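**Student:** Dropping in my_file.cif, with mmCIF, N, CA and C atoms.
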data_upload
#
loop_
_atom_site.label_atom_id
_atom_site.label_comp_id
_atom_site.auth_asym_id
_atom_site.auth_seq_id
_atom_site.Cartn_x
_atom_site.Cartn_y
_atom_site.Cartn_z
N MET A 1 105.97 118.12 115.73
CA MET A 1 104.78 118.90 115.97
C MET A 1 105.11 120.13 116.79
N ALA A 2 105.91 119.97 117.84
CA ALA A 2 106.24 121.09 118.72
C ALA A 2 107.02 122.17 117.97
N LYS A 3 107.77 121.79 116.96
CA LYS A 3 108.57 122.73 116.20
C LYS A 3 107.68 123.77 115.51
N GLY A 4 106.60 123.32 114.91
CA GLY A 4 105.70 124.21 114.19
C GLY A 4 104.68 124.91 115.07
N THR A 5 104.35 124.34 116.21
CA THR A 5 103.28 124.91 117.05
C THR A 5 103.77 125.44 118.39
N GLY A 6 105.03 125.24 118.69
CA GLY A 6 105.55 125.71 119.97
C GLY A 6 105.14 124.79 121.11
N GLU A 7 105.09 125.33 122.29
CA GLU A 7 104.77 124.56 123.49
C GLU A 7 103.40 123.89 123.41
N ARG A 8 102.44 124.53 122.74
CA ARG A 8 101.08 123.96 122.66
C ARG A 8 101.07 122.60 121.97
N GLY A 9 102.00 122.37 121.08
CA GLY A 9 102.02 121.13 120.32
C GLY A 9 102.62 119.94 121.03
N LYS A 10 103.27 120.17 122.16
CA LYS A 10 103.94 119.06 122.86
C LYS A 10 102.96 118.00 123.36
N ASP A 11 101.77 118.40 123.73
CA ASP A 11 100.81 117.44 124.28
C ASP A 11 99.82 116.91 123.25
N VAL A 12 99.99 117.28 122.00
CA VAL A 12 99.10 116.82 120.94
C VAL A 12 99.50 115.40 120.54
N VAL A 13 98.51 114.54 120.42
CA VAL A 13 98.75 113.16 119.99
C VAL A 13 98.16 113.00 118.60
N ILE A 14 98.97 112.51 117.70
CA ILE A 14 98.48 112.22 116.35
C ILE A 14 98.54 110.71 116.18
N ALA A 15 97.37 110.13 115.97
CA ALA A 15 97.28 108.67 115.83
C ALA A 15 95.96 108.33 115.15
N ASN A 16 95.93 107.15 114.55
CA ASN A 16 94.63 106.71 114.02
C ASN A 16 93.80 106.18 115.20
N PHE A 17 92.55 105.95 114.94
CA PHE A 17 91.61 105.54 115.98
C PHE A 17 92.09 104.31 116.74
N HIS A 18 92.52 103.29 115.99
CA HIS A 18 92.89 102.02 116.61
C HIS A 18 94.14 102.15 117.48
N SER A 19 95.16 102.85 116.98
CA SER A 19 96.38 102.97 117.79
C SER A 19 96.14 103.86 119.00
N PHE A 20 95.31 104.88 118.87
CA PHE A 20 94.98 105.73 120.00
C PHE A 20 94.25 104.93 121.09
N CYS A 21 93.26 104.16 120.68
CA CYS A 21 92.51 103.34 121.64
C CYS A 21 93.40 102.28 122.28
N GLU A 22 94.26 101.67 121.47
CA GLU A 22 95.17 100.66 122.02
C GLU A 22 96.08 101.28 123.08
N LYS A 23 96.56 102.50 122.83
CA LYS A 23 97.42 103.19 123.81
C LYS A 23 96.66 103.42 125.11
N ILE A 24 95.43 103.87 125.02
CA ILE A 24 94.62 104.10 126.22
C ILE A 24 94.38 102.80 126.97
N LEU A 25 94.01 101.75 126.24
CA LEU A 25 93.74 100.46 126.89
C LEU A 25 94.99 99.90 127.58
N LYS A 26 96.14 100.06 126.96
CA LYS A 26 97.37 99.56 127.57
C LYS A 26 97.75 100.37 128.81
N GLU A 27 97.38 101.65 128.83
CA GLU A 27 97.63 102.45 130.02
C GLU A 27 96.74 101.96 131.17
N VAL A 28 95.52 101.59 130.85
CA VAL A 28 94.56 101.11 131.86
C VAL A 28 94.91 99.70 132.30
N ASN A 29 95.25 98.84 131.34
CA ASN A 29 95.54 97.44 131.63
C ASN A 29 96.74 97.00 130.78
N PRO A 30 97.96 97.13 131.29
CA PRO A 30 99.15 96.78 130.51
C PRO A 30 99.18 95.32 130.04
N GLY A 31 98.45 94.44 130.69
CA GLY A 31 98.43 93.03 130.31
C GLY A 31 97.48 92.72 129.16
N LEU A 32 96.73 93.70 128.71
CA LEU A 32 95.76 93.50 127.64
C LEU A 32 96.49 93.26 126.32
N VAL A 33 96.15 92.19 125.65
CA VAL A 33 96.79 91.85 124.39
C VAL A 33 95.71 91.72 123.32
N PRO A 34 95.72 92.61 122.33
CA PRO A 34 94.71 92.51 121.27
C PRO A 34 94.95 91.27 120.41
N LEU A 35 93.88 90.70 119.92
CA LEU A 35 93.99 89.53 119.06
C LEU A 35 94.27 89.95 117.62
N GLU A 36 95.15 89.22 116.99
CA GLU A 36 95.35 89.39 115.55
C GLU A 36 94.22 88.64 114.86
N ASP A 37 94.01 88.91 113.56
CA ASP A 37 92.93 88.25 112.83
C ASP A 37 93.04 86.73 112.90
N VAL A 38 94.25 86.21 112.77
CA VAL A 38 94.41 84.75 112.81
C VAL A 38 94.05 84.20 114.19
N ASP A 39 94.41 84.94 115.24
CA ASP A 39 94.04 84.51 116.60
C ASP A 39 92.52 84.54 116.78
N HIS A 40 91.92 85.58 116.24
CA HIS A 40 90.47 85.72 116.32
C HIS A 40 89.79 84.57 115.58
N TRP A 41 90.31 84.22 114.42
CA TRP A 41 89.76 83.11 113.63
C TRP A 41 89.87 81.81 114.42
N ILE A 42 91.03 81.55 114.99
CA ILE A 42 91.24 80.33 115.78
C ILE A 42 90.28 80.30 116.97
N LEU A 43 90.14 81.43 117.63
CA LEU A 43 89.24 81.53 118.77
C LEU A 43 87.80 81.20 118.37
N LEU A 44 87.34 81.79 117.27
CA LEU A 44 85.98 81.50 116.80
C LEU A 44 85.84 80.04 116.37
N ARG A 45 86.85 79.53 115.67
CA ARG A 45 86.79 78.15 115.17
C ARG A 45 86.71 77.16 116.33
N ARG A 46 87.48 77.40 117.37
CA ARG A 46 87.47 76.51 118.53
C ARG A 46 86.14 76.57 119.28
N ASN A 47 85.44 77.69 119.13
CA ASN A 47 84.20 77.88 119.87
C ASN A 47 83.00 77.97 118.95
N LEU A 48 83.11 77.33 117.81
CA LEU A 48 82.05 77.35 116.80
C LEU A 48 80.72 76.88 117.38
N ALA A 49 80.75 75.88 118.22
CA ALA A 49 79.51 75.36 118.81
C ALA A 49 78.82 76.41 119.67
N ARG A 50 79.59 77.26 120.34
CA ARG A 50 79.00 78.31 121.19
C ARG A 50 78.27 79.37 120.37
N LEU A 51 78.64 79.52 119.11
CA LEU A 51 77.98 80.51 118.27
C LEU A 51 76.59 80.04 117.84
N LYS A 52 76.33 78.75 117.98
CA LYS A 52 75.03 78.16 117.67
C LYS A 52 74.56 78.53 116.26
N LEU A 53 75.43 78.34 115.31
CA LEU A 53 75.11 78.67 113.93
C LEU A 53 74.32 77.54 113.29
N GLU A 54 73.35 77.92 112.50
CA GLU A 54 72.58 76.95 111.73
C GLU A 54 72.68 77.29 110.25
N LYS A 55 72.38 78.52 109.91
CA LYS A 55 72.38 78.95 108.52
C LYS A 55 73.78 79.00 107.93
N TYR A 56 74.75 79.42 108.75
CA TYR A 56 76.11 79.58 108.25
C TYR A 56 77.00 78.36 108.48
N ARG A 57 76.46 77.33 109.07
CA ARG A 57 77.25 76.13 109.32
C ARG A 57 77.38 75.35 108.02
N ARG A 58 78.60 75.09 107.65
CA ARG A 58 78.86 74.28 106.46
C ARG A 58 79.60 73.04 106.94
N LEU A 59 78.99 71.91 106.74
CA LEU A 59 79.57 70.69 107.27
C LEU A 59 80.89 70.31 106.62
N ALA A 60 81.05 70.62 105.33
CA ALA A 60 82.29 70.28 104.65
C ALA A 60 83.48 71.06 105.23
N GLU A 61 83.27 72.35 105.51
CA GLU A 61 84.32 73.19 106.08
C GLU A 61 83.66 74.22 106.98
N PRO A 62 83.42 73.86 108.24
CA PRO A 62 82.68 74.73 109.15
C PRO A 62 83.33 76.09 109.38
N GLY A 63 84.64 76.20 109.24
CA GLY A 63 85.30 77.47 109.50
C GLY A 63 85.45 78.36 108.28
N GLN A 64 84.88 77.95 107.17
CA GLN A 64 85.05 78.64 105.89
C GLN A 64 84.60 80.10 105.95
N PHE A 65 83.56 80.40 106.64
CA PHE A 65 82.96 81.74 106.66
C PHE A 65 83.50 82.60 107.79
N LEU A 66 84.33 82.07 108.66
CA LEU A 66 84.77 82.81 109.84
C LEU A 66 85.56 84.07 109.49
N SER A 67 86.36 84.01 108.45
CA SER A 67 87.11 85.20 108.04
C SER A 67 86.16 86.32 107.64
N ASP A 68 85.08 85.95 106.95
CA ASP A 68 84.07 86.95 106.58
C ASP A 68 83.41 87.53 107.82
N PHE A 69 83.11 86.68 108.78
CA PHE A 69 82.52 87.14 110.04
C PHE A 69 83.47 88.13 110.74
N ILE A 70 84.74 87.77 110.81
CA ILE A 70 85.71 88.62 111.49
C ILE A 70 85.79 89.99 110.82
N GLN A 71 85.83 90.00 109.49
CA GLN A 71 85.85 91.28 108.76
C GLN A 71 84.57 92.07 109.02
N PHE A 72 83.45 91.39 109.04
CA PHE A 72 82.18 92.06 109.28
C PHE A 72 82.12 92.63 110.70
N PHE A 73 82.52 91.83 111.69
CA PHE A 73 82.50 92.29 113.07
C PHE A 73 83.45 93.48 113.25
N SER A 74 84.61 93.42 112.60
CA SER A 74 85.57 94.51 112.68
C SER A 74 84.98 95.78 112.07
N ARG A 75 84.29 95.62 110.95
CA ARG A 75 83.67 96.79 110.30
C ARG A 75 82.58 97.37 111.20
N CYS A 76 81.80 96.52 111.83
CA CYS A 76 80.78 97.00 112.77
C CYS A 76 81.44 97.80 113.88
N GLN A 77 82.53 97.28 114.41
CA GLN A 77 83.22 97.97 115.49
C GLN A 77 83.79 99.30 115.00
N ASP A 78 84.34 99.32 113.78
CA ASP A 78 84.85 100.56 113.21
C ASP A 78 83.74 101.61 113.07
N GLU A 79 82.56 101.13 112.73
CA GLU A 79 81.41 102.02 112.53
C GLU A 79 80.64 102.28 113.84
N LEU A 80 81.19 101.77 114.94
CA LEU A 80 80.60 101.92 116.28
C LEU A 80 79.21 101.30 116.37
N VAL A 81 79.03 100.19 115.68
CA VAL A 81 77.79 99.42 115.76
C VAL A 81 78.03 98.31 116.77
N SER A 82 77.40 98.42 117.92
CA SER A 82 77.58 97.41 118.96
C SER A 82 76.79 96.15 118.61
N SER A 83 77.09 95.09 119.33
CA SER A 83 76.33 93.85 119.11
C SER A 83 74.86 94.06 119.48
N GLU A 84 74.61 94.92 120.46
CA GLU A 84 73.22 95.24 120.84
C GLU A 84 72.52 96.00 119.72
N ASP A 85 73.24 96.95 119.10
CA ASP A 85 72.68 97.71 117.97
C ASP A 85 72.32 96.77 116.83
N TYR A 86 73.23 95.83 116.55
CA TYR A 86 72.99 94.91 115.44
C TYR A 86 71.81 93.98 115.76
N GLN A 87 71.71 93.58 117.01
CA GLN A 87 70.57 92.74 117.42
C GLN A 87 69.27 93.52 117.24
N GLN A 88 69.27 94.80 117.58
CA GLN A 88 68.07 95.63 117.39
C GLN A 88 67.70 95.72 115.91
N PHE A 89 68.71 95.84 115.04
CA PHE A 89 68.47 95.85 113.59
C PHE A 89 67.82 94.54 113.15
N ALA A 90 68.37 93.42 113.59
CA ALA A 90 67.82 92.11 113.22
C ALA A 90 66.40 91.95 113.75
N ASP A 91 66.17 92.41 114.98
CA ASP A 91 64.82 92.34 115.56
C ASP A 91 63.84 93.22 114.80
N LEU A 92 64.30 94.38 114.33
CA LEU A 92 63.45 95.27 113.54
C LEU A 92 63.05 94.60 112.22
N LEU A 93 64.01 93.92 111.58
CA LEU A 93 63.69 93.19 110.35
C LEU A 93 62.61 92.14 110.61
N ALA A 94 62.74 91.43 111.72
CA ALA A 94 61.76 90.39 112.07
C ALA A 94 60.38 91.01 112.32
N LYS A 95 60.36 92.13 113.01
CA LYS A 95 59.10 92.81 113.31
C LYS A 95 58.43 93.31 112.03
N GLU A 96 59.22 93.92 111.15
CA GLU A 96 58.68 94.41 109.88
C GLU A 96 58.13 93.27 109.04
N LEU A 97 58.83 92.15 109.03
CA LEU A 97 58.36 90.99 108.27
C LEU A 97 57.03 90.50 108.82
N GLU A 98 56.92 90.43 110.12
CA GLU A 98 55.68 89.97 110.75
C GLU A 98 54.52 90.92 110.41
N GLU A 99 54.80 92.22 110.43
CA GLU A 99 53.77 93.21 110.12
C GLU A 99 53.33 93.15 108.66
N GLU A 100 54.24 92.79 107.77
CA GLU A 100 53.95 92.76 106.33
C GLU A 100 53.56 91.38 105.83
N LYS A 101 53.55 90.40 106.70
CA LYS A 101 53.34 89.00 106.34
C LYS A 101 52.09 88.80 105.48
N SER A 102 50.97 89.39 105.87
CA SER A 102 49.71 89.16 105.16
C SER A 102 49.72 89.76 103.75
N ALA A 103 50.58 90.74 103.50
CA ALA A 103 50.62 91.39 102.19
C ALA A 103 51.61 90.71 101.23
N LEU A 104 52.36 89.74 101.72
CA LEU A 104 53.40 89.11 100.91
C LEU A 104 52.94 87.77 100.37
N ASP A 105 53.40 87.47 99.14
CA ASP A 105 53.13 86.13 98.62
C ASP A 105 54.06 85.15 99.33
N GLU A 106 53.75 83.88 99.23
CA GLU A 106 54.47 82.85 99.98
C GLU A 106 55.97 82.84 99.69
N ASP A 107 56.36 82.96 98.42
CA ASP A 107 57.78 82.92 98.07
C ASP A 107 58.54 84.13 98.63
N THR A 108 57.93 85.30 98.52
CA THR A 108 58.56 86.51 99.04
C THR A 108 58.70 86.41 100.55
N PHE A 109 57.65 85.91 101.20
CA PHE A 109 57.72 85.75 102.66
C PHE A 109 58.85 84.80 103.04
N LYS A 110 58.94 83.66 102.36
CA LYS A 110 60.00 82.68 102.67
C LYS A 110 61.38 83.27 102.44
N GLU A 111 61.53 84.03 101.37
CA GLU A 111 62.81 84.65 101.06
C GLU A 111 63.21 85.66 102.14
N ARG A 112 62.26 86.48 102.54
CA ARG A 112 62.54 87.48 103.59
C ARG A 112 62.72 86.82 104.95
N ALA A 113 62.00 85.75 105.21
CA ALA A 113 62.16 85.03 106.48
C ALA A 113 63.57 84.44 106.57
N GLU A 114 64.08 83.97 105.45
CA GLU A 114 65.45 83.44 105.41
C GLU A 114 66.45 84.55 105.69
N LEU A 115 66.24 85.72 105.11
CA LEU A 115 67.11 86.87 105.36
C LEU A 115 67.08 87.26 106.84
N VAL A 116 65.90 87.29 107.42
CA VAL A 116 65.77 87.61 108.85
C VAL A 116 66.51 86.58 109.69
N ALA A 117 66.36 85.31 109.36
CA ALA A 117 67.04 84.25 110.10
C ALA A 117 68.56 84.41 110.01
N LEU A 118 69.06 84.76 108.83
CA LEU A 118 70.50 84.99 108.66
C LEU A 118 70.98 86.17 109.51
N GLN A 119 70.21 87.24 109.50
CA GLN A 119 70.60 88.42 110.28
C GLN A 119 70.54 88.14 111.79
N GLN A 120 69.57 87.36 112.21
CA GLN A 120 69.49 86.97 113.63
C GLN A 120 70.70 86.13 114.01
N GLU A 121 71.09 85.25 113.12
CA GLU A 121 72.25 84.40 113.39
C GLU A 121 73.53 85.22 113.45
N ILE A 122 73.68 86.17 112.55
CA ILE A 122 74.85 87.05 112.57
C ILE A 122 74.87 87.85 113.87
N ALA A 123 73.72 88.36 114.27
CA ALA A 123 73.63 89.14 115.51
C ALA A 123 74.03 88.27 116.71
N ARG A 124 73.59 87.04 116.73
CA ARG A 124 73.92 86.13 117.84
C ARG A 124 75.43 85.83 117.85
N ALA A 125 76.00 85.62 116.67
CA ALA A 125 77.44 85.34 116.59
C ALA A 125 78.25 86.57 117.00
N TYR A 126 77.82 87.75 116.57
CA TYR A 126 78.51 88.99 116.92
C TYR A 126 78.47 89.19 118.43
N ARG A 127 77.33 88.96 119.02
CA ARG A 127 77.19 89.09 120.47
C ARG A 127 78.09 88.07 121.18
N GLY A 128 78.13 86.85 120.65
CA GLY A 128 78.93 85.79 121.27
C GLY A 128 80.42 86.04 121.19
N GLN A 129 80.90 86.57 120.07
CA GLN A 129 82.34 86.80 119.92
C GLN A 129 82.79 88.05 120.65
N ARG A 130 81.87 88.90 121.10
CA ARG A 130 82.23 90.15 121.78
C ARG A 130 82.53 89.94 123.26
N ARG A 131 82.61 88.73 123.70
CA ARG A 131 82.89 88.46 125.11
C ARG A 131 84.36 88.71 125.42
N ASN A 132 84.79 89.95 125.21
CA ASN A 132 86.15 90.39 125.53
C ASN A 132 87.23 89.44 125.00
N PRO A 133 87.27 89.17 123.69
CA PRO A 133 88.24 88.21 123.17
C PRO A 133 89.69 88.65 123.36
N ALA A 134 89.96 89.92 123.63
CA ALA A 134 91.33 90.37 123.80
C ALA A 134 91.83 90.18 125.23
N ARG A 135 90.95 89.87 126.14
CA ARG A 135 91.36 89.72 127.53
C ARG A 135 91.92 88.32 127.77
N LYS A 136 92.92 88.26 128.59
CA LYS A 136 93.55 86.98 128.87
C LYS A 136 92.63 86.04 129.64
N ASN A 137 91.74 86.59 130.43
CA ASN A 137 90.89 85.73 131.26
C ASN A 137 89.52 85.47 130.61
N THR A 138 89.46 85.61 129.31
CA THR A 138 88.21 85.35 128.61
C THR A 138 87.79 83.90 128.79
N PRO A 139 86.51 83.61 128.91
CA PRO A 139 86.08 82.23 129.09
C PRO A 139 86.34 81.36 127.86
N TRP A 140 86.65 81.96 126.73
CA TRP A 140 86.88 81.18 125.51
C TRP A 140 88.29 80.67 125.40
N ARG A 141 89.21 81.19 126.16
CA ARG A 141 90.62 80.74 126.02
C ARG A 141 90.93 79.63 126.96
#
Turn this file's structure into structure tokens for me.

**Tutor:**
Amino acid sequence: MAKGTGERGKDVVIANFHSFCEKILKEVNPGLVPLEDVDHWILLRRNLARLKLEKYRRLAEPGQFLSDFIQFFSRCQDELVSSEDYQQFADLLAKELEEEKSALDEDTFKERAELVALQQEIARAYRGQRRNPARKNTPWR
């Protein structure tokens, strides 16, 4: 970089978002260790009861959906959607459903109520897994 831009280019950092943030975090806390997907899955699986899942709990294989959750949570983080933002979205769906309840037939209401319940559960799980899973002193480890 410095070759093409001279002295001005020496302080330029070229990195993707994740590697740039990881560099900053390691400067602030060298002991911080990010979780790999498999570690994240194990962490969630061990703490499945804390997520208080009802809709997504599958008794035959309770951890079956965790990979999907991890991908979804990662995408939310990439899109800068916090767990609070997602909770607000789920709450908005619930509010809209309540406001429209009288105009809906029973089947449509039940279908939308199920969707709201699923979104509330996802929001709760997202909030629960965001308890600093990369920190060594996390209460989940």

**Student:** Point out the residue among A:Glu106, A:Phe69, A:Asp91, A:Leu44 with the least atom-to-atom distance to Gln119 of chain A, counting all atoms listed in the file.

**Tutor:** A:Asp91

**Student:** So the first atom is atom CA of Asp78 of chain A and the second is atom N of Ala49 of chain A; what is the distance between them in Å, to one decimal place?

**Tutor:** 25.5 Å

**Student:** I need the residue nearest Glu111 of chain A from this list: A:Arg124, A:Leu97, A:Arg57, A:Ile42. Use only C-alpha atoms for the distance.

**Tutor:** A:Leu97

**Student:** With only C-alpha atoms as the basis for distance, which of A:Arg45, A:Arg127, A:Lys101, A:His40 is at the shortest distance from Val81 of chain A?

**Tutor:**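 Closest residue, counting only C-alpha atoms: A:Arg127.
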
**Student:** Counting only C-alpha atoms, figure out which residue out of A:Leu51, A:Leu43, A:Ala117, A:Ile14 gets nearest to Ala94 of chain A.

**Tutor:** A:Ala117

**Student:** When you draw a straight line from atom N of Glu98 of chain A to atom N of Arg75 of chain A, how long is it in Å?

**Tutor:**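 Computed distance, atom N of Glu98 of chain A to atom N of Arg75 of chain A, equals 27.9 Å.
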
**Student:** How many Å separate atom C of Asp37 of chain A from atom C of Asp85 of chain A?

**Tutor:**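 For atom C of Asp37 of chain A relative to atom C of Asp85 of chain A, the distance reads 23.4 Å.
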
**Student:** Around the point (82.6, 95.2, 118.8) (coordinates from the file), which residues reach within 7 Å if we count all atoms listed in the file? Answer as number ranges by chain.

**Tutor:** A: 73-74, 76-78, 81-83, 130

**Student:** As an MDAnalysis selection string, please: every residue in segment 24-139 of chain A that DSSP puts in helix (DSSP H, G or I).

**Tutor:** chainID A and resid 24:28 37:46 48:51 66:78 83:103 106:129

**Student:** Just so the selection is clear, what residues does the PyMOL selection byres (((chain A and resi 39 and name CA) around 12) and name CA) cover here, as a list in words?

**Tutor:**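 Evaluating the PyMOL selection byres (((chain A and resi 39 and name CA) around 12) and name CA) on these coordinates yields Val33, Pro34, Leu35, Glu36, Asp37, Val38, His40, Trp41, Ile42, Leu43, Leu44, Arg45, Arg46, Leu66, Ser67, Ile70, Pro133, Ala134, Trp140 and Arg141 of chain A.
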
**Student:** Just need segment 36-80 of chain A in a file, please: C-alpha atoms, as a PDB file, in the first residue's frame.

**Tutor:**
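Final file, out-v3.pdb:
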ATOM      1  CA  GLU A  36     -15.834 -20.930  16.466  1.00  0.00           C
ATOM      2  CA  ASP A  37     -19.212 -22.134  15.177  1.00  0.00           C
ATOM      3  CA  VAL A  38     -18.710 -25.571  16.714  1.00  0.00           C
ATOM      4  CA  ASP A  39     -17.863 -23.998  20.084  1.00  0.00           C
ATOM      5  CA  HIS A  40     -20.919 -21.792  19.821  1.00  0.00           C
ATOM      6  CA  TRP A  41     -23.081 -24.832  19.030  1.00  0.00           C
ATOM      7  CA  ILE A  42     -21.691 -26.743  22.025  1.00  0.00           C
ATOM      8  CA  LEU A  43     -22.243 -23.721  24.252  1.00  0.00           C
ATOM      9  CA  LEU A  44     -25.870 -23.382  23.160  1.00  0.00           C
ATOM     10  CA  ARG A  45     -26.478 -27.144  23.380  1.00  0.00           C
ATOM     11  CA  ARG A  46     -25.139 -27.292  26.940  1.00  0.00           C
ATOM     12  CA  ASN A  47     -27.353 -24.372  27.902  1.00  0.00           C
ATOM     13  CA  LEU A  48     -30.458 -25.334  25.965  1.00  0.00           C
ATOM     14  CA  ALA A  49     -32.595 -25.157  29.101  1.00  0.00           C
ATOM     15  CA  ARG A  50     -31.562 -21.524  29.662  1.00  0.00           C
ATOM     16  CA  LEU A  51     -32.932 -20.588  26.246  1.00  0.00           C
ATOM     17  CA  LYS A  52     -36.390 -21.683  27.450  1.00  0.00           C
ATOM     18  CA  LEU A  53     -37.425 -22.906  24.029  1.00  0.00           C
ATOM     19  CA  GLU A  54     -40.874 -24.318  23.495  1.00  0.00           C
ATOM     20  CA  LYS A  55     -41.635 -23.987  19.797  1.00  0.00           C
ATOM     21  CA  TYR A  56     -38.161 -24.977  18.622  1.00  0.00           C
ATOM     22  CA  ARG A  57     -37.605 -27.774  21.115  1.00  0.00           C
ATOM     23  CA  ARG A  58     -37.516 -31.131  19.394  1.00  0.00           C
ATOM     24  CA  LEU A  59     -37.470 -33.993  21.814  1.00  0.00           C
ATOM     25  CA  ALA A  60     -35.944 -36.476  19.364  1.00  0.00           C
ATOM     26  CA  GLU A  61     -32.925 -34.219  18.731  1.00  0.00           C
ATOM     27  CA  PRO A  62     -33.033 -31.018  20.781  1.00  0.00           C
ATOM     28  CA  GLY A  63     -29.875 -29.592  19.223  1.00  0.00           C
ATOM     29  CA  GLN A  64     -31.010 -30.094  15.634  1.00  0.00           C
ATOM     30  CA  PHE A  65     -31.913 -26.438  15.026  1.00  0.00           C
ATOM     31  CA  LEU A  66     -28.962 -24.855  16.840  1.00  0.00           C
ATOM     32  CA  SER A  67     -26.843 -24.541  13.697  1.00  0.00           C
ATOM     33  CA  ASP A  68     -29.673 -22.598  12.080  1.00  0.00           C
ATOM     34  CA  PHE A  69     -29.902 -20.372  15.148  1.00  0.00           C
ATOM     35  CA  ILE A  70     -26.155 -19.717  15.069  1.00  0.00           C
ATOM     36  CA  GLN A  71     -26.292 -18.763  11.382  1.00  0.00           C
ATOM     37  CA  PHE A  72     -29.287 -16.531  12.028  1.00  0.00           C
ATOM     38  CA  PHE A  73     -27.682 -14.826  15.039  1.00  0.00           C
ATOM     39  CA  SER A  74     -24.484 -14.314  13.046  1.00  0.00           C
ATOM     40  CA  ARG A  75     -26.454 -12.755  10.196  1.00  0.00           C
ATOM     41  CA  CYS A  76     -28.225 -10.447  12.641  1.00  0.00           C
ATOM     42  CA  GLN A  77     -24.867  -9.384  14.012  1.00  0.00           C
ATOM     43  CA  ASP A  78     -23.505  -8.844  10.489  1.00  0.00           C
ATOM     44  CA  GLU A  79     -26.520  -6.654   9.744  1.00  0.00           C
ATOM     45  CA  LEU A  80     -26.052  -4.818  13.077  1.00  0.00           C
TER      46      LEU A  80
END
